[in-house]
file entry_3.txt (compact mmCIF, C-alpha atoms)
# COMPACT_ATOMS: atom_id res chain seq x y z
CA CYS A 27 215.98 -98.15 -37.04
CA ILE A 28 219.64 -99.07 -36.98
CA ARG A 29 221.14 -100.93 -34.05
CA HIS A 30 224.78 -101.72 -33.49
CA MET A 31 226.79 -104.92 -32.96
CA ALA A 32 230.04 -104.99 -31.01
CA CYS A 33 233.54 -105.99 -32.13
CA TRP A 34 236.74 -104.98 -30.34
CA VAL A 35 239.17 -102.31 -31.56
CA SER A 36 240.74 -99.35 -29.75
CA THR A 37 240.45 -96.56 -32.33
CA LEU A 38 239.11 -96.82 -35.86
CA ILE A 39 239.77 -94.35 -38.67
CA VAL A 40 237.19 -94.13 -41.45
CA ALA A 41 238.98 -92.29 -44.23
CA ALA A 42 237.57 -90.14 -46.98
CA ILE A 43 236.60 -92.00 -50.17
CA VAL A 44 239.59 -90.54 -52.04
CA PRO A 45 242.40 -88.97 -49.99
CA THR A 46 243.04 -85.57 -51.51
CA THR A 47 245.30 -82.58 -50.99
CA THR A 48 243.05 -80.27 -53.01
CA MET A 49 240.59 -79.65 -50.15
CA THR A 50 241.10 -78.33 -46.64
CA PRO A 51 240.88 -81.38 -44.35
CA ALA A 52 238.00 -81.87 -41.97
CA ARG A 53 237.47 -84.37 -39.17
CA VAL A 54 234.55 -85.82 -37.25
CA ILE A 55 235.33 -87.49 -33.93
CA PHE A 56 232.39 -89.78 -33.16
CA MET A 57 231.80 -91.81 -29.98
CA HIS A 58 229.74 -95.00 -29.75
CA GLY A 59 227.27 -95.96 -27.03
CA LEU A 60 227.34 -98.23 -23.98
CA GLY A 61 228.70 -101.71 -24.66
CA ASP A 62 229.44 -100.95 -28.30
CA THR A 63 232.72 -100.37 -30.16
CA PRO A 64 233.81 -98.22 -33.11
CA HIS A 65 232.83 -101.00 -35.51
CA GLY A 66 229.21 -100.56 -34.45
CA TRP A 67 229.09 -97.30 -36.41
CA ALA A 68 231.92 -97.59 -38.94
CA ASP A 69 230.01 -99.21 -41.81
CA ILE A 70 227.00 -96.94 -41.30
CA LEU A 71 229.12 -93.79 -41.40
CA ARG A 72 231.16 -95.02 -44.36
CA SER A 73 228.16 -95.93 -46.49
CA SER A 74 226.15 -92.86 -45.50
CA PHE A 75 228.74 -90.11 -45.94
CA ARG A 76 231.77 -91.17 -47.97
CA GLU A 77 230.40 -89.71 -51.20
CA GLN A 78 228.55 -86.76 -49.66
CA LEU A 79 231.56 -85.71 -47.56
CA PRO A 80 234.68 -86.84 -49.45
CA HIS A 81 236.90 -84.37 -47.60
CA VAL A 82 235.96 -85.65 -44.12
CA THR A 83 237.85 -88.27 -42.14
CA TRP A 84 236.15 -89.90 -39.17
CA THR A 85 237.95 -90.85 -35.96
CA LEU A 86 236.01 -93.39 -33.89
CA PRO A 87 237.55 -93.83 -30.42
CA GLU A 88 236.63 -96.76 -28.20
CA ALA A 89 235.42 -96.25 -24.64
CA PRO A 90 237.37 -97.81 -21.78
CA ARG A 91 236.12 -101.07 -20.26
CA ALA A 92 234.74 -100.61 -16.76
CA PRO A 93 232.05 -101.95 -14.40
CA VAL A 94 228.65 -100.35 -15.05
CA THR A 95 226.27 -99.99 -12.10
CA CYS A 96 223.01 -100.17 -14.06
CA ASN A 97 224.14 -103.48 -15.61
CA GLY A 98 224.88 -105.17 -12.30
CA GLY A 99 228.53 -104.13 -12.26
CA HIS A 100 229.38 -106.09 -15.40
CA VAL A 101 232.48 -104.86 -17.22
CA MET A 102 231.89 -103.40 -20.69
CA THR A 103 232.86 -100.47 -22.84
CA SER A 104 231.46 -97.38 -21.15
CA TRP A 105 232.36 -93.69 -21.27
CA MET A 106 231.03 -93.18 -17.74
CA ASP A 107 229.31 -95.12 -14.99
CA LEU A 108 225.53 -95.13 -15.34
CA HIS A 109 223.36 -95.76 -12.31
CA ASP A 110 219.98 -96.18 -14.00
CA ILE A 111 218.30 -96.97 -17.30
CA PRO A 112 216.27 -95.31 -18.64
CA VAL A 113 218.44 -92.20 -18.53
CA THR A 114 216.27 -89.25 -17.50
CA PRO A 115 216.92 -85.49 -17.37
CA THR A 116 217.77 -85.86 -13.67
CA ALA A 117 220.23 -88.74 -14.17
CA TYR A 118 223.17 -89.00 -11.78
CA ASP A 119 226.45 -87.70 -13.22
CA ASP A 120 229.50 -89.74 -12.27
CA GLU A 121 232.02 -86.92 -12.46
CA PRO A 122 235.29 -88.90 -12.14
CA SER A 123 234.51 -91.16 -15.11
CA LEU A 124 233.06 -88.26 -17.11
CA GLU A 125 236.17 -86.15 -16.59
CA ALA A 126 238.46 -89.05 -17.52
CA SER A 127 236.57 -89.62 -20.76
CA VAL A 128 236.53 -85.91 -21.61
CA GLY A 129 240.31 -86.13 -21.41
CA LYS A 130 240.31 -88.98 -23.94
CA VAL A 131 238.07 -87.08 -26.35
CA HIS A 132 240.15 -83.93 -26.01
CA ALA A 133 243.27 -85.99 -26.73
CA ALA A 134 241.65 -87.20 -29.97
CA ILE A 135 240.85 -83.60 -30.93
CA ASP A 136 244.40 -82.50 -30.11
CA GLU A 137 245.81 -85.35 -32.19
CA ALA A 138 243.71 -84.24 -35.17
CA VAL A 139 244.92 -80.65 -34.76
CA GLU A 140 248.54 -81.81 -34.56
CA SER A 141 248.03 -83.78 -37.79
CA GLY A 142 247.06 -80.58 -39.60
CA VAL A 143 243.29 -80.34 -39.21
CA PRO A 144 242.30 -76.87 -37.91
CA ALA A 145 240.18 -76.97 -34.74
CA GLU A 146 237.45 -74.99 -36.52
CA ARG A 147 237.26 -77.89 -39.04
CA ILE A 148 236.52 -80.54 -36.38
CA VAL A 149 233.08 -81.75 -35.32
CA VAL A 150 232.60 -83.85 -32.18
CA GLY A 151 229.64 -86.22 -32.16
CA GLY A 152 228.27 -89.40 -30.72
CA PHE A 153 225.34 -91.70 -30.03
CA SER A 154 223.74 -92.28 -26.60
CA GLN A 155 226.63 -92.28 -24.07
CA GLY A 156 228.80 -91.05 -26.92
CA GLY A 157 226.38 -88.19 -27.54
CA ALA A 158 226.60 -87.22 -23.88
CA MET A 159 230.39 -87.21 -24.21
CA ALA A 160 230.20 -85.10 -27.37
CA TRP A 161 228.09 -82.48 -25.58
CA LEU A 162 230.40 -82.27 -22.56
CA SER A 163 233.68 -82.51 -24.48
CA THR A 164 232.66 -79.77 -26.92
CA LEU A 165 231.63 -77.34 -24.20
CA ARG A 166 234.79 -78.06 -22.21
CA TYR A 167 237.23 -77.75 -25.14
CA PRO A 168 239.32 -74.55 -24.97
CA LYS A 169 239.31 -73.82 -28.73
CA LYS A 170 236.39 -73.18 -31.07
CA LEU A 171 235.27 -76.25 -32.99
CA ALA A 172 233.09 -76.53 -36.10
CA GLY A 173 230.14 -78.24 -34.46
CA CYS A 174 228.68 -80.89 -32.15
CA ILE A 175 226.29 -83.77 -32.88
CA MET A 176 224.37 -85.44 -30.05
CA LEU A 177 222.23 -88.40 -31.12
CA SER A 178 219.89 -89.96 -28.55
CA GLY A 179 222.06 -88.51 -25.79
CA TRP A 180 221.77 -86.33 -22.71
CA PRO A 181 223.57 -83.28 -21.26
CA PRO A 182 225.77 -84.36 -18.34
CA LEU A 183 226.80 -81.69 -15.82
CA ALA A 184 224.46 -79.22 -17.53
CA SER A 185 223.87 -77.27 -14.31
CA LYS A 186 227.63 -76.84 -13.77
CA LEU A 187 228.57 -75.71 -17.27
CA ASP A 188 228.97 -72.09 -18.28
CA VAL A 189 227.67 -72.70 -21.80
CA ALA A 190 227.65 -69.04 -22.79
CA GLY A 191 231.19 -68.57 -21.53
CA SER A 192 232.56 -71.65 -23.28
CA ALA A 193 234.91 -71.30 -26.24
CA ASN A 194 232.16 -73.22 -28.05
CA GLY A 195 229.26 -71.17 -26.74
CA LYS A 196 228.54 -70.06 -30.31
CA THR A 197 229.37 -73.36 -31.97
CA ARG A 198 226.50 -75.03 -33.83
CA PHE A 199 224.86 -78.09 -32.27
CA PHE A 200 222.68 -80.77 -33.85
CA LEU A 201 220.48 -82.80 -31.48
CA GLY A 202 218.54 -85.84 -32.75
CA HIS A 203 216.29 -88.16 -30.74
CA GLY A 204 213.54 -90.73 -31.29
CA THR A 205 210.16 -90.07 -29.70
CA SER A 206 209.83 -93.76 -28.72
CA ASP A 207 213.22 -94.02 -27.00
CA THR A 208 212.78 -95.80 -23.66
CA THR A 209 216.52 -96.13 -22.98
CA VAL A 210 217.44 -92.44 -23.01
CA LEU A 211 214.24 -90.43 -22.68
CA PRO A 212 213.58 -87.73 -25.31
CA GLN A 213 213.21 -85.21 -22.48
CA CYS A 214 217.01 -85.41 -22.15
CA THR A 215 217.38 -83.77 -25.55
CA GLU A 216 214.79 -81.17 -24.56
CA LYS A 217 216.93 -80.35 -21.51
CA ALA A 218 220.05 -80.00 -23.66
CA ASN A 219 218.19 -77.81 -26.13
CA SER A 220 216.97 -75.52 -23.35
CA ALA A 221 220.48 -75.12 -21.93
CA LEU A 222 221.86 -74.22 -25.34
CA GLU A 223 219.04 -71.85 -26.27
CA ASN A 224 219.28 -70.07 -22.92
CA ALA A 225 222.98 -69.46 -23.60
CA GLY A 226 222.35 -68.18 -27.12
CA THR A 227 224.07 -71.20 -28.69
CA PRO A 228 222.85 -72.05 -32.22
CA VAL A 229 221.10 -75.41 -32.11
CA SER A 230 219.01 -77.56 -34.45
CA VAL A 231 216.74 -80.19 -32.88
CA LYS A 232 215.09 -83.04 -34.74
CA LEU A 233 212.70 -85.53 -33.12
CA TYR A 234 211.92 -88.68 -35.11
CA PRO A 235 208.42 -90.08 -34.58
CA GLY A 236 208.37 -93.75 -33.60
CA MET A 237 212.16 -94.13 -33.50
CA ALA A 238 213.46 -96.08 -30.50
CA HIS A 239 217.05 -96.10 -29.20
CA GLY A 240 218.91 -96.19 -32.48
CA SER A 241 219.14 -94.21 -35.68
CA CYS A 242 217.26 -94.12 -38.98
CA PRO A 243 217.83 -92.98 -42.58
CA GLU A 244 216.06 -89.66 -42.01
CA GLU A 245 218.32 -88.83 -39.08
CA LEU A 246 221.43 -89.76 -41.05
CA ARG A 247 220.31 -87.47 -43.88
CA ASP A 248 219.89 -84.65 -41.37
CA VAL A 249 223.34 -85.32 -39.95
CA GLY A 250 224.80 -85.20 -43.46
CA ASP A 251 223.09 -81.89 -44.17
CA PHE A 252 224.39 -80.46 -40.88
CA LEU A 253 227.94 -81.57 -41.66
CA GLU A 254 227.79 -80.04 -45.13
CA GLN A 255 226.93 -76.73 -43.49
CA VAL A 256 229.55 -76.71 -40.73
CA LEU A 257 232.30 -78.52 -42.71
CA PRO A 258 231.89 -77.22 -46.25
CA GLN A 259 234.35 -78.30 -48.91
CA MET A 260 237.09 -75.67 -49.14
CA PRO A 261 240.09 -75.50 -51.49
CA ALA A 262 243.37 -76.14 -49.73
CA GLU A 263 245.57 -73.08 -49.34

call {"tool": "encode", "arguments": {"input": "entry_3.txt", "output": "structure tokens"}}
result
Amino acid sequence: CIRHMACWVSTLIVAAIVPTTTMTPARVIFMHGLGDTPHGWADILRSSFREQLPHVTWTLPEAPRAPVTCNGGHVMTSWMDLHDIPVTPTAYDDEPSLEASVGKVHAAIDEAVESGVPAERIVVGGFSQGGAMAWLSTLRYPKKLAGCIMLSGWPPLASKLDVAGSANGKTRFFLGHGTSDTTVLPQCTEKANSALENAGTPVSVKLYPGMAHGSCPEELRDVGDFLEQVLPQMPAE
């Protein structure tokens, strides 16, 4: 399993291996987990996908620093306040912090669109807290996106979302989770899967036996395969 060390930066861009104008651009906006920073995932994403996905640029935003209830009120990077760990399917949703972070993710998507990347060539993804933000931000975004990746995450505000009526109600989702995760329980991914399936949203779910709260080479291969499908290389017009 892969775990992540912290190092401070506000937004990190992981560029394609060779910048090119011969392919239609594509972007993945990927959010880290609680207490981490963009650097926690940058090297993993670069080494895993730079050759497989040469046309994709990754934007890695950093969460705001705020007190976190489940960690005794200590200030750290956090996309929303969490009351309890492990996170369960009935976890409390702190709506003010969730809504504020959705705004930050949507701003990153809008910035990509303004730079020339079509919305339908953007995937939103994340790990743990970042995966929860990817789920919510995708389903709240007003334009159709290419896909959503939720790794070891959970579906905040699931009961309040009109998934079928979302602009991304037919957008493809990839959900990955370790069966031995005691930080965010695997049942959280089961809940997300049920909400998507009930809405008729296309979803792929992969559970990784023995994996704890992290990632692994098999999951990264599955993520790469998913991205090849939803962000195929296309000649520039």

call {"tool": "atom_distance", "arguments": {"input": "entry_3.txt", "atom1": "CA of Lys232 (chain A)", "atom2": "CA of Val128 (chain A)"}}
result
25.3 Å

call {"tool": "closest_atom_pairs", "arguments": {"input": "entry_3.txt", "of": "region 173-225 of chain A", "to": "region 156-162 of chain A", "cutoff": "8 Å", "atoms": "only C-alpha atoms", "output": "JSON lines"}}
result
{"residue": "A:Cys174", "atom": "CA", "partner": "A:Ala160", "partner_atom": "CA", "distance": 6.5}
{"residue": "A:Ile175", "atom": "CA", "partner": "A:Ala160", "partner_atom": "CA", "distance": 6.9}
{"residue": "A:Met176", "atom": "CA", "partner": "A:Gly157", "partner_atom": "CA", "distance": 4.2}
{"residue": "A:Leu177", "atom": "CA", "partner": "A:Gly157", "partner_atom": "CA", "distance": 5.5}
{"residue": "A:Ser178", "atom": "CA", "partner": "A:Gly157", "partner_atom": "CA", "distance": 6.8}
{"residue": "A:Gly179", "atom": "CA", "partner": "A:Gly157", "partner_atom": "CA", "distance": 4.7}
{"residue": "A:Trp180", "atom": "CA", "partner": "A:Ala158", "partner_atom": "CA", "distance": 5.0}
{"residue": "A:Pro181", "atom": "CA", "partner": "A:Ala158", "partner_atom": "CA", "distance": 5.6}
{"residue": "A:Pro182", "atom": "CA", "partner": "A:Ala158", "partner_atom": "CA", "distance": 6.3}
{"residue": "A:Leu183", "atom": "CA", "partner": "A:Leu162", "partner_atom": "CA", "distance": 7.7}

call {"tool": "closest_residue", "arguments": {"input": "entry_3.txt", "among": "A:Thr197, A:Ser241, A:Ser163, A:Gln213", "to": "Val229 (chain A)", "atoms": "only C-alpha atoms"}}
result
A:Thr197

call {"tool": "atom_distance", "arguments": {"input": "entry_3.txt", "atom1": "CA of Lys217 (chain A)", "atom2": "CA of Pro115 (chain A)"}}
result
6.6 Å

call {"tool": "closest_residue", "arguments": {"input": "entry_3.txt", "among": "A:Gly250, A:Gly66, A:Ala52, A:Cys242", "to": "Trp84 (chain A)", "atoms": "all atoms listed in the file"}}
result
A:Ala52

call {"tool": "residues_near_point", "arguments": {"input": "entry_3.txt", "point": "(244.3, -80.2, -47.4)", "cutoff": "9 Å", "atoms": "only C-alpha atoms", "output": "list in words"}}
result
Thr46, Thr47, Thr48, Met49, Thr50, Pro51, Ala52, His81, Gly142, Val143, Met260, Pro261, Ala262 and Glu263 of chain A

call {"tool": "write_last_selection", "arguments": {"input": "entry_3.txt", "atoms": "C-alpha atoms", "output": "tab-separated table (two decimals), in the frame of the given file"}}
result
chain	number	residue	atom	x	y	z
A	46	THR	CA	243.04	-85.57	-51.51
A	47	THR	CA	245.30	-82.58	-50.99
A	48	THR	CA	243.05	-80.27	-53.01
A	49	MET	CA	240.59	-79.65	-50.15
A	50	THR	CA	241.10	-78.33	-46.64
A	51	PRO	CA	240.88	-81.38	-44.35
A	52	ALA	CA	238.00	-81.87	-41.97
A	81	HIS	CA	236.90	-84.37	-47.60
A	142	GLY	CA	247.06	-80.58	-39.60
A	143	VAL	CA	243.29	-80.34	-39.21
A	260	MET	CA	237.09	-75.67	-49.14
A	261	PRO	CA	240.09	-75.50	-51.49
A	262	ALA	CA	243.37	-76.14	-49.73
A	263	GLU	CA	245.57	-73.08	-49.34

call {"tool": "closest_residue", "arguments": {"input": "entry_3.txt", "among": "A:Glu140, A:Asp207, A:Asp188, A:Glu125", "to": "Ile111 (chain A)", "atoms": "all atoms listed in the file"}}
result
A:Asp207

call {"tool": "closest_residue", "arguments": {"input": "entry_3.txt", "among": "A:Ala134, A:Leu257, A:Ala145, A:Ala89", "to": "Ser104 (chain A)", "atoms": "all atoms listed in the file"}}
result
A:Ala89

call {"tool": "residues_around", "arguments": {"input": "entry_3.txt", "residues": "Arg247 (chain A)", "least_positions_apart": "2", "cutoff": "12 Å", "atoms": "all atoms listed in the file", "output": "tab-separated table (two decimals) with C-alpha atoms, keeping the file's coordinate frame"}}
result
chain	number	residue	atom	x	y	z
A	70	ILE	CA	227.00	-96.94	-41.30
A	71	LEU	CA	229.12	-93.79	-41.40
A	73	SER	CA	228.16	-95.93	-46.49
A	74	SER	CA	226.15	-92.86	-45.50
A	75	PHE	CA	228.74	-90.11	-45.94
A	78	GLN	CA	228.55	-86.76	-49.66
A	79	LEU	CA	231.56	-85.71	-47.56
A	202	GLY	CA	218.54	-85.84	-32.75
A	232	LYS	CA	215.09	-83.04	-34.74
A	241	SER	CA	219.14	-94.21	-35.68
A	242	CYS	CA	217.26	-94.12	-38.98
A	243	PRO	CA	217.83	-92.98	-42.58
A	244	GLU	CA	216.06	-89.66	-42.01
A	245	GLU	CA	218.32	-88.83	-39.08
A	249	VAL	CA	223.34	-85.32	-39.95
A	250	GLY	CA	224.80	-85.20	-43.46
A	251	ASP	CA	223.09	-81.89	-44.17
A	252	PHE	CA	224.39	-80.46	-40.88
A	253	LEU	CA	227.94	-81.57	-41.66
A	254	GLU	CA	227.79	-80.04	-45.13

call {"tool": "atom_distance", "arguments": {"input": "entry_3.txt", "atom1": "CA of Val210 (chain A)", "atom2": "CA of Arg76 (chain A)"}}
result
28.8 Å

call {"tool": "residues_near_point", "arguments": {"input": "entry_3.txt", "point": "(239.0, -90.9, -33.9)", "cutoff": "12 Å", "atoms": "only C-alpha atoms", "output": "JSON list (two decimals) with C-alpha atoms, in the frame of the given file"}}
result
[["chain", "number", "residue", "atom", "x", "y", "z"],
["A", 35, "VAL", "CA", 239.17, -102.31, -31.56],
["A", 36, "SER", "CA", 240.74, -99.35, -29.75],
["A", 37, "THR", "CA", 240.45, -96.56, -32.33],
["A", 38, "LEU", "CA", 239.11, -96.82, -35.86],
["A", 39, "ILE", "CA", 239.77, -94.35, -38.67],
["A", 40, "VAL", "CA", 237.19, -94.13, -41.45],
["A", 41, "ALA", "CA", 238.98, -92.29, -44.23],
["A", 53, "ARG", "CA", 237.47, -84.37, -39.17],
["A", 54, "VAL", "CA", 234.55, -85.82, -37.25],
["A", 55, "ILE", "CA", 235.33, -87.49, -33.93],
["A", 56, "PHE", "CA", 232.39, -89.78, -33.16],
["A", 57, "MET", "CA", 231.80, -91.81, -29.98],
["A", 58, "HIS", "CA", 229.74, -95.00, -29.75],
["A", 63, "THR", "CA", 232.72, -100.37, -30.16],
["A", 64, "PRO", "CA", 233.81, -98.22, -33.11],
["A", 65, "HIS", "CA", 232.83, -101.00, -35.51],
["A", 68, "ALA", "CA", 231.92, -97.59, -38.94],
["A", 82, "VAL", "CA", 235.96, -85.65, -44.12],
["A", 83, "THR", "CA", 237.85, -88.27, -42.14],
["A", 84, "TRP", "CA", 236.15, -89.90, -39.17],
["A", 85, "THR", "CA", 237.95, -90.85, -35.96],
["A", 86, "LEU", "CA", 236.01, -93.39, -33.89],
["A", 87, "PRO", "CA", 237.55, -93.83, -30.42],
["A", 88, "GLU", "CA", 236.63, -96.76, -28.20],
["A", 89, "ALA", "CA", 235.42, -96.25, -24.64],
["A", 130, "LYS", "CA", 240.31, -88.98, -23.94],
["A", 131, "VAL", "CA", 238.07, -87.08, -26.35],
["A", 132, "HIS", "CA", 240.15, -83.93, -26.01],
["A", 133, "ALA", "CA", 243.27, -85.99, -26.73],
["A", 134, "ALA", "CA", 241.65, -87.20, -29.97],
["A", 135, "ILE", "CA", 240.85, -83.60, -30.93],
["A", 136, "ASP", "CA", 244.40, -82.50, -30.11],
["A", 137, "GLU", "CA", 245.81, -85.35, -32.19],
["A", 138, "ALA", "CA", 243.71, -84.24, -35.17],
["A", 139, "VAL", "CA", 244.92, -80.65, -34.76],
["A", 148, "ILE", "CA", 236.52, -80.54, -36.38],
["A", 149, "VAL", "CA", 233.08, -81.75, -35.32],
["A", 150, "VAL", "CA", 232.60, -83.85, -32.18],
["A", 151, "GLY", "CA", 229.64, -86.22, -32.16],
["A", 152, "GLY", "CA", 228.27, -89.40, -30.72]]

call {"tool": "closest_residue", "arguments": {"input": "entry_3.txt", "among": "A:Val231, A:Leu211, A:Leu171, A:Ala92", "to": "Gly61 (chain A)", "atoms": "only C-alpha atoms"}}
result
A:Ala92

call {"tool": "closest_residue", "arguments": {"input": "entry_3.txt", "among": "A:Gly226, A:Pro168, A:Gly98, A:Pro80", "to": "Ser192 (chain A)", "atoms": "only C-alpha atoms"}}
result
A:Pro168

call {"tool": "residues_around", "arguments": {"input": "entry_3.txt", "residues": "Arg91 (chain A)", "least_positions_apart": "3", "cutoff": "10 Å", "atoms": "only C-alpha atoms", "output": "compact mmCIF listing (two decimals) with C-alpha atoms, in the frame of the given file"}}
result
# COMPACT_ATOMS: atom_id res chain seq x y z
CA LEU A 60 227.34 -98.23 -23.98
CA GLY A 61 228.70 -101.71 -24.66
CA GLU A 88 236.63 -96.76 -28.20
CA VAL A 94 228.65 -100.35 -15.05
CA HIS A 100 229.38 -106.09 -15.40
CA VAL A 101 232.48 -104.86 -17.22
CA MET A 102 231.89 -103.40 -20.69
CA THR A 103 232.86 -100.47 -22.84
CA SER A 104 231.46 -97.38 -21.15
CA TRP A 105 232.36 -93.69 -21.27
CA MET A 106 231.03 -93.18 -17.74

call {"tool": "build_atoms", "arguments": {"input": "entry_3.txt", "residues": "region 51-65 of chain A", "atoms": "N, CA and C atoms", "output": "short mmCIF file (atom, residue, chain, number, x, y, z; two decimals), keeping the file's coordinate frame"}}
result
data_model
loop_
_atom_site.label_atom_id
_atom_site.label_comp_id
_atom_site.auth_asym_id
_atom_site.auth_seq_id
_atom_site.Cartn_x
_atom_site.Cartn_y
_atom_site.Cartn_z
N PRO A 51 241.37 -80.19 -45.06
CA PRO A 51 240.88 -81.38 -44.35
C PRO A 51 239.84 -81.03 -43.30
N ALA A 52 239.01 -82.00 -43.01
CA ALA A 52 238.00 -81.87 -41.97
C ALA A 52 237.91 -83.21 -41.25
N ARG A 53 237.50 -83.16 -39.99
CA ARG A 53 237.47 -84.37 -39.17
C ARG A 53 236.20 -84.40 -38.35
N VAL A 54 235.62 -85.59 -38.21
CA VAL A 54 234.55 -85.82 -37.25
C VAL A 54 235.04 -86.87 -36.27
N ILE A 55 234.98 -86.55 -34.99
CA ILE A 55 235.33 -87.49 -33.93
C ILE A 55 234.01 -87.97 -33.33
N PHE A 56 233.72 -89.27 -33.48
CA PHE A 56 232.39 -89.78 -33.16
C PHE A 56 232.50 -90.93 -32.16
N MET A 57 231.75 -90.82 -31.05
CA MET A 57 231.80 -91.81 -29.98
C MET A 57 230.56 -92.71 -29.98
N HIS A 58 230.81 -94.00 -29.80
CA HIS A 58 229.74 -95.00 -29.75
C HIS A 58 229.04 -94.99 -28.39
N GLY A 59 228.04 -95.86 -28.26
CA GLY A 59 227.27 -95.96 -27.03
C GLY A 59 227.75 -97.07 -26.10
N LEU A 60 227.01 -97.25 -25.02
CA LEU A 60 227.34 -98.23 -23.98
C LEU A 60 227.42 -99.64 -24.55
N GLY A 61 228.54 -100.32 -24.26
CA GLY A 61 228.70 -101.71 -24.66
C GLY A 61 229.05 -101.93 -26.12
N ASP A 62 229.15 -100.85 -26.87
CA ASP A 62 229.44 -100.95 -28.30
C ASP A 62 230.94 -100.71 -28.52
N THR A 63 231.35 -100.68 -29.78
CA THR A 63 232.72 -100.37 -30.16
C THR A 63 232.67 -99.51 -31.42
N PRO A 64 233.81 -99.01 -31.88
CA PRO A 64 233.81 -98.22 -33.11
C PRO A 64 233.21 -98.95 -34.31
N HIS A 65 233.36 -100.27 -34.37
CA HIS A 65 232.83 -101.00 -35.51
C HIS A 65 231.30 -100.94 -35.59
#
